[in-house]
Structures are given as structure tokens and as C-alpha cells.
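**Student:** This is the structure I have questions about; it appears just below.
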Amino acid sequence: MMTLGSLTGDLVTLTQALCDLPSVSGAETTLADAVESALRDYPHLEVLRDGDAIVARTSLGRAERVVIAGHLDTVPIAGNLPTRVVGEGAAAEIWGRGTVDMKAGVAVQLALAAALDAPSRDVTWVFYDHEEVEAAASGLGRVARNHPDWLVGDFAV
């Protein structure tokens, strides 16, 4: 199985690892497996799965819950993998499929999910499939239909 490496290390490296695992809509399983495996290393998270949608959540009994969702899939690859870093220092940019929409955001989600073992509010992290296609196929919609309790929260992003 493919791995993502450390979720608490360098965000550029994590973003590149996420992007370099192709996950065109309908073919997210390899990336979903890697995300699930990585999250299972953190005992403060309950990890749940429906198809290629992964939900990880804290259950600390906090008064409020925040839900933060991001999608794993991309539009078709167009000669833009593997990723590459262009420039240096603060001006450096990561180029490649998924870097903007939305695997850099997923990298931040994963890093925070791993690091925040005692947040002031409980957090539900949602990583879902099939966002780049018709809404009827959305993994987020499927989770909402199959497991509405997984998405209960006071605020969502």
C-alpha cells in the first residue's frame, strides 16, 4: 500500500505525497487507503469509512463540534504529475494536479488532525470522494445519506 509519510512533518512534502497519488474522480481508492492508514496512527481519532470517504473525529465530550471537509479527487491528469517545486524559499510554489484544488488543503487538514489531540472543540475531519463530478455521485452526499450522525456539528467548513 502507498503511504503518505509523516502527517506532522513538512507540509510541502505531505502535499506532494498527496498530489503524486493519482485520484481522478472514480479512482480515489489508493489515496483513500493511504489517508485512512495514516489517520489510524493517531489514538485520539476515531476513524470511519464509507466507500472512499474517510471521517476522523475526536470524541472528547466538548460542548461544540466543528466539521471540516475536503475532497480527495481531482479532474483528469494532463501531464502534470509528478509534482514539482518551482522557486525557492518563501516564493516557492508546488506545481501539479491537485495542488490548488484541493490536496494542499487536505494536507493542512491531515496535519491538524494529527496534531490537535486536545482541541477546545471536538473536530470531525471529512475526506471525501467524487467531488469533481455530478453532485449525485458525491461522497459527501453519500456519507450524509448513509451516516448523518458522522456529520453532526455546530459549525462546518
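Each chain in the C-alpha cells gets a letter, A, B, ..., in the order shown, and its residues are numbered from 1; ligands are numbered from 1 in order too.
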Would you please extract all alpha helix (DSSP H) residues from segment 21-119 of chain A, as assigned by DSSP on the backbone, and give them as a PyMOL selection string?
**Tutor:** chain A and resi 29-39+103-115
**Student:** If we count only C-alpha atoms and set the cut-off at 6 Å, which residues sit around segment 66-80 of chain A, ignoring sequence neighbours fewer than 4 positions away in its own chain? Please answer as a ChimeraX atom specification.
**Tutor:** /A:23-25,96-98,123-129,153-157
**Student:** Nearest to Met2 of chain A among A:Glu88, A:Asp117, A:Asp33, A:Glu64, with distances taken over only C-alpha atoms: which residue is it?
**Tutor:** A:Asp33
**Student:** May I have all residues of segment 81-146 of chain A that DSSP, computed from the backbone, assigns to strand (DSSP E or B), given as a list in words?
**Tutor:**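 Written out, the strand (DSSP E or B) residues of segment 81-146 of chain A are Arg84, Val85, Val86, Glu93, Ile94, Trp95, Asp122, Val123, Thr124, Trp125, Val126, Phe127 and Tyr128 of chain A.
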**Student:** May I have the selected residues written with C-alpha atoms, as a PDB file, in the first residue's frame?
**Tutor:**
```
ATOM      1  CA  ARG A  84       7.483  19.783  -8.755  1.00  0.00           C
ATOM      2  CA  VAL A  85       8.604  22.720  -6.656  1.00  0.00           C
ATOM      3  CA  VAL A  86       9.265  25.905  -8.612  1.00  0.00           C
ATOM      4  CA  GLU A  93       5.322  27.038  -5.390  1.00  0.00           C
ATOM      5  CA  ILE A  94       4.227  23.431  -5.806  1.00  0.00           C
ATOM      6  CA  TRP A  95       3.038  22.682  -9.341  1.00  0.00           C
ATOM      7  CA  ASP A 122     -14.438  18.343  19.134  1.00  0.00           C
ATOM      8  CA  VAL A 123     -13.495  18.146  15.469  1.00  0.00           C
ATOM      9  CA  THR A 124     -14.736  15.950  12.654  1.00  0.00           C
ATOM     10  CA  TRP A 125     -12.373  15.747   9.680  1.00  0.00           C
ATOM     11  CA  VAL A 126     -14.029  14.591   6.436  1.00  0.00           C
ATOM     12  CA  PHE A 127     -12.054  13.476   3.371  1.00  0.00           C
ATOM     13  CA  TYR A 128     -14.467  12.527   0.603  1.00  0.00           C
TER      14      TYR A 128
END
```
**Student:** Quick check, in Å to one decimal: how far apart do atom CA of Arg40 of chain A and atom CA of Gly5 of chain A lie?
**Tutor:** 12.9 Å
**Student:** Under the rule that only C-alpha atoms are counted, which of A:Ala63, A:Met102, A:Leu116, A:Ala32 is the nearest residue to Leu48 of chain A?
**Tutor:**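 Under the stated criterion, the closest residue is A:Ala32.
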**Student:** Taking into account only C-alpha atoms, which residue in the set A:His147, A:Arg142, A:Arg121, A:Arg57 is nearest to Tyr42 of chain A?
**Tutor:**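 Ranking A:His147, A:Arg142, A:Arg121, A:Arg57 by distance to Tyr42 of chain A, first place goes to A:Arg57.
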**Student:** Looking at only C-alpha atoms, which of A:Val143, A:Ala136, A:Ala114, A:Ala91 is the one that sits closest to Glu46 of chain A?
**Tutor:**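 Closest to Glu46 of chain A of all the choices is A:Ala114.
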**Student:** Quick one: distance from atom CA of Ala113 of chain A to atom CA of Leu60 of chain A in Å, one decimal?
**Tutor:**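 Separation between atom CA of Ala113 of chain A and atom CA of Leu60 of chain A: 13.8 Å.
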**Student:** Neighbouring residues of Val35 of chain A were defined as those with any atom within 9 Å, considering only C-alpha atoms; residues of the same chain fewer than 3 positions away were excluded. Please report them as a PDB file with all heavy atoms, in the first residue's frame.
**Tutor:**
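Resulting contents of selection_32.pdb:
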```pdb
ATOM      1  N   THR A   3       1.967   4.983   1.048  1.00  0.00           N
ATOM      2  CA  THR A   3       1.870   5.716   2.305  1.00  0.00           C
ATOM      3  C   THR A   3       2.122   7.196   2.055  1.00  0.00           C
ATOM      4  O   THR A   3       2.730   7.581   1.055  1.00  0.00           O
ATOM      5  CB  THR A   3       2.872   5.196   3.347  1.00  0.00           C
ATOM      6  OG1 THR A   3       4.194   5.423   2.869  1.00  0.00           O
ATOM      7  CG2 THR A   3       2.665   3.710   3.619  1.00  0.00           C
ATOM      8  N   LEU A   4       1.679   7.991   3.006  1.00  0.00           N
ATOM      9  CA  LEU A   4       1.849   9.439   2.906  1.00  0.00           C
ATOM     10  C   LEU A   4       3.055   9.942   3.660  1.00  0.00           C
ATOM     11  O   LEU A   4       3.414  11.102   3.536  1.00  0.00           O
ATOM     12  CB  LEU A   4       0.594  10.139   3.442  1.00  0.00           C
ATOM     13  CG  LEU A   4      -0.687   9.878   2.672  1.00  0.00           C
ATOM     14  CD1 LEU A   4      -1.861  10.568   3.354  1.00  0.00           C
ATOM     15  CD2 LEU A   4      -0.552  10.326   1.235  1.00  0.00           C
ATOM     16  N   LEU A  18       0.465  13.619  -1.328  1.00  0.00           N
ATOM     17  CA  LEU A  18      -0.959  13.536  -1.651  1.00  0.00           C
ATOM     18  C   LEU A  18      -1.199  13.715  -3.145  1.00  0.00           C
ATOM     19  O   LEU A  18      -1.957  12.967  -3.765  1.00  0.00           O
ATOM     20  CB  LEU A  18      -1.742  14.606  -0.887  1.00  0.00           C
ATOM     21  CG  LEU A  18      -1.949  14.381   0.599  1.00  0.00           C
ATOM     22  CD1 LEU A  18      -2.379  15.670   1.275  1.00  0.00           C
ATOM     23  CD2 LEU A  18      -2.962  13.286   0.831  1.00  0.00           C
ATOM     24  N   THR A  30      -6.806   4.298  -3.819  1.00  0.00           N
ATOM     25  CA  THR A  30      -5.417   4.259  -3.347  1.00  0.00           C
ATOM     26  C   THR A  30      -5.151   5.403  -2.379  1.00  0.00           C
ATOM     27  O   THR A  30      -4.553   5.209  -1.313  1.00  0.00           O
ATOM     28  CB  THR A  30      -4.433   4.305  -4.527  1.00  0.00           C
ATOM     29  OG1 THR A  30      -4.659   3.153  -5.351  1.00  0.00           O
ATOM     30  CG2 THR A  30      -2.993   4.296  -4.051  1.00  0.00           C
ATOM     31  N   LEU A  31      -5.607   6.598  -2.722  1.00  0.00           N
ATOM     32  CA  LEU A  31      -5.404   7.739  -1.832  1.00  0.00           C
ATOM     33  C   LEU A  31      -6.245   7.592  -0.567  1.00  0.00           C
ATOM     34  O   LEU A  31      -5.758   7.863   0.533  1.00  0.00           O
ATOM     35  CB  LEU A  31      -5.725   9.053  -2.545  1.00  0.00           C
ATOM     36  CG  LEU A  31      -5.523  10.318  -1.712  1.00  0.00           C
ATOM     37  CD1 LEU A  31      -4.116  10.394  -1.124  1.00  0.00           C
ATOM     38  CD2 LEU A  31      -5.832  11.551  -2.536  1.00  0.00           C
ATOM     39  N   ALA A  32      -7.478   7.149  -0.700  1.00  0.00           N
ATOM     40  CA  ALA A  32      -8.330   6.955   0.482  1.00  0.00           C
ATOM     41  C   ALA A  32      -7.704   5.929   1.433  1.00  0.00           C
ATOM     42  O   ALA A  32      -7.711   6.126   2.653  1.00  0.00           O
ATOM     43  CB  ALA A  32      -9.732   6.519   0.066  1.00  0.00           C
ATOM     44  N   ALA A  38      -2.926   6.432   7.478  1.00  0.00           N
ATOM     45  CA  ALA A  38      -2.176   7.466   8.190  1.00  0.00           C
ATOM     46  C   ALA A  38      -2.937   7.950   9.422  1.00  0.00           C
ATOM     47  O   ALA A  38      -2.352   8.127  10.497  1.00  0.00           O
ATOM     48  CB  ALA A  38      -1.879   8.631   7.253  1.00  0.00           C
ATOM     49  N   LEU A  39      -4.233   8.154   9.289  1.00  0.00           N
ATOM     50  CA  LEU A  39      -5.033   8.651  10.412  1.00  0.00           C
ATOM     51  C   LEU A  39      -5.171   7.628  11.529  1.00  0.00           C
ATOM     52  O   LEU A  39      -5.292   7.991  12.701  1.00  0.00           O
ATOM     53  CB  LEU A  39      -6.412   9.090   9.917  1.00  0.00           C
ATOM     54  CG  LEU A  39      -6.421  10.357   9.069  1.00  0.00           C
ATOM     55  CD1 LEU A  39      -7.773  10.525   8.384  1.00  0.00           C
ATOM     56  CD2 LEU A  39      -6.061  11.577   9.900  1.00  0.00           C
ATOM     57  N   ARG A  40      -5.142   6.359  11.196  1.00  0.00           N
ATOM     58  CA  ARG A  40      -5.276   5.308  12.215  1.00  0.00           C
ATOM     59  C   ARG A  40      -4.083   5.270  13.172  1.00  0.00           C
ATOM     60  O   ARG A  40      -4.160   4.657  14.223  1.00  0.00           O
ATOM     61  CB  ARG A  40      -5.493   3.947  11.563  1.00  0.00           C
ATOM     62  CG  ARG A  40      -6.884   3.822  10.945  1.00  0.00           C
ATOM     63  CD  ARG A  40      -7.338   2.403  10.770  1.00  0.00           C
ATOM     64  NE  ARG A  40      -8.632   2.347  10.128  1.00  0.00           N
ATOM     65  CZ  ARG A  40      -9.799   2.480  10.755  1.00  0.00           C
ATOM     66  NH1 ARG A  40      -9.814   2.663  12.055  1.00  0.00           N
ATOM     67  NH2 ARG A  40     -10.942   2.415  10.090  1.00  0.00           N
ATOM     68  N   ILE A  54     -13.388   9.102   4.044  1.00  0.00           N
ATOM     69  CA  ILE A  54     -12.809   8.838   5.353  1.00  0.00           C
ATOM     70  C   ILE A  54     -13.248   9.944   6.299  1.00  0.00           C
ATOM     71  O   ILE A  54     -13.166  11.133   5.965  1.00  0.00           O
ATOM     72  CB  ILE A  54     -11.261   8.819   5.290  1.00  0.00           C
ATOM     73  CG1 ILE A  54     -10.751   7.950   4.141  1.00  0.00           C
ATOM     74  CG2 ILE A  54     -10.667   8.412   6.634  1.00  0.00           C
ATOM     75  CD1 ILE A  54     -11.165   6.511   4.179  1.00  0.00           C
ATOM     76  N   LEU A 110      -5.003  17.120   7.304  1.00  0.00           N
ATOM     77  CA  LEU A 110      -4.358  15.933   7.868  1.00  0.00           C
ATOM     78  C   LEU A 110      -3.354  16.312   8.954  1.00  0.00           C
ATOM     79  O   LEU A 110      -3.299  15.668  10.009  1.00  0.00           O
ATOM     80  CB  LEU A 110      -3.675  15.119   6.768  1.00  0.00           C
ATOM     81  CG  LEU A 110      -4.616  14.374   5.821  1.00  0.00           C
ATOM     82  CD1 LEU A 110      -3.845  13.863   4.607  1.00  0.00           C
ATOM     83  CD2 LEU A 110      -5.311  13.231   6.550  1.00  0.00           C
ATOM     84  N   PHE A 127     -12.833  13.555   4.613  1.00  0.00           N
ATOM     85  CA  PHE A 127     -12.054  13.476   3.371  1.00  0.00           C
ATOM     86  C   PHE A 127     -12.894  12.630   2.418  1.00  0.00           C
ATOM     87  O   PHE A 127     -13.022  11.427   2.621  1.00  0.00           O
ATOM     88  CB  PHE A 127     -10.694  12.810   3.633  1.00  0.00           C
ATOM     89  CG  PHE A 127      -9.931  13.478   4.749  1.00  0.00           C
ATOM     90  CD1 PHE A 127     -10.064  13.029   6.058  1.00  0.00           C
ATOM     91  CD2 PHE A 127      -9.104  14.547   4.492  1.00  0.00           C
ATOM     92  CE1 PHE A 127      -9.375  13.636   7.102  1.00  0.00           C
ATOM     93  CE2 PHE A 127      -8.407  15.170   5.536  1.00  0.00           C
ATOM     94  CZ  PHE A 127      -8.546  14.717   6.834  1.00  0.00           C
TER      95      PHE A 127
END
```
**Student:** Could you name the residues that touch Ala104 of chain A at 6 Å or less, counting only C-alpha atoms, but leaving out those on the same chain fewer than 3 positions away, as a count of residues only?
**Tutor:** 3
**Student:** Have a look at A:Glu132, A:Asp101, A:Asp41, A:Asp50 and name the one nearest to Ala27 of chain A; count only C-alpha atoms.
**Tutor:** A:Glu132
**Student:** Could you tell me how far atom CA of Asp52 of chain A sits from atom CA of Cys19 of chain A, in Å to one decimal place?
**Tutor:**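 Going from atom CA of Cys19 of chain A over to atom CA of Asp52 of chain A, I get 16.4 Å.
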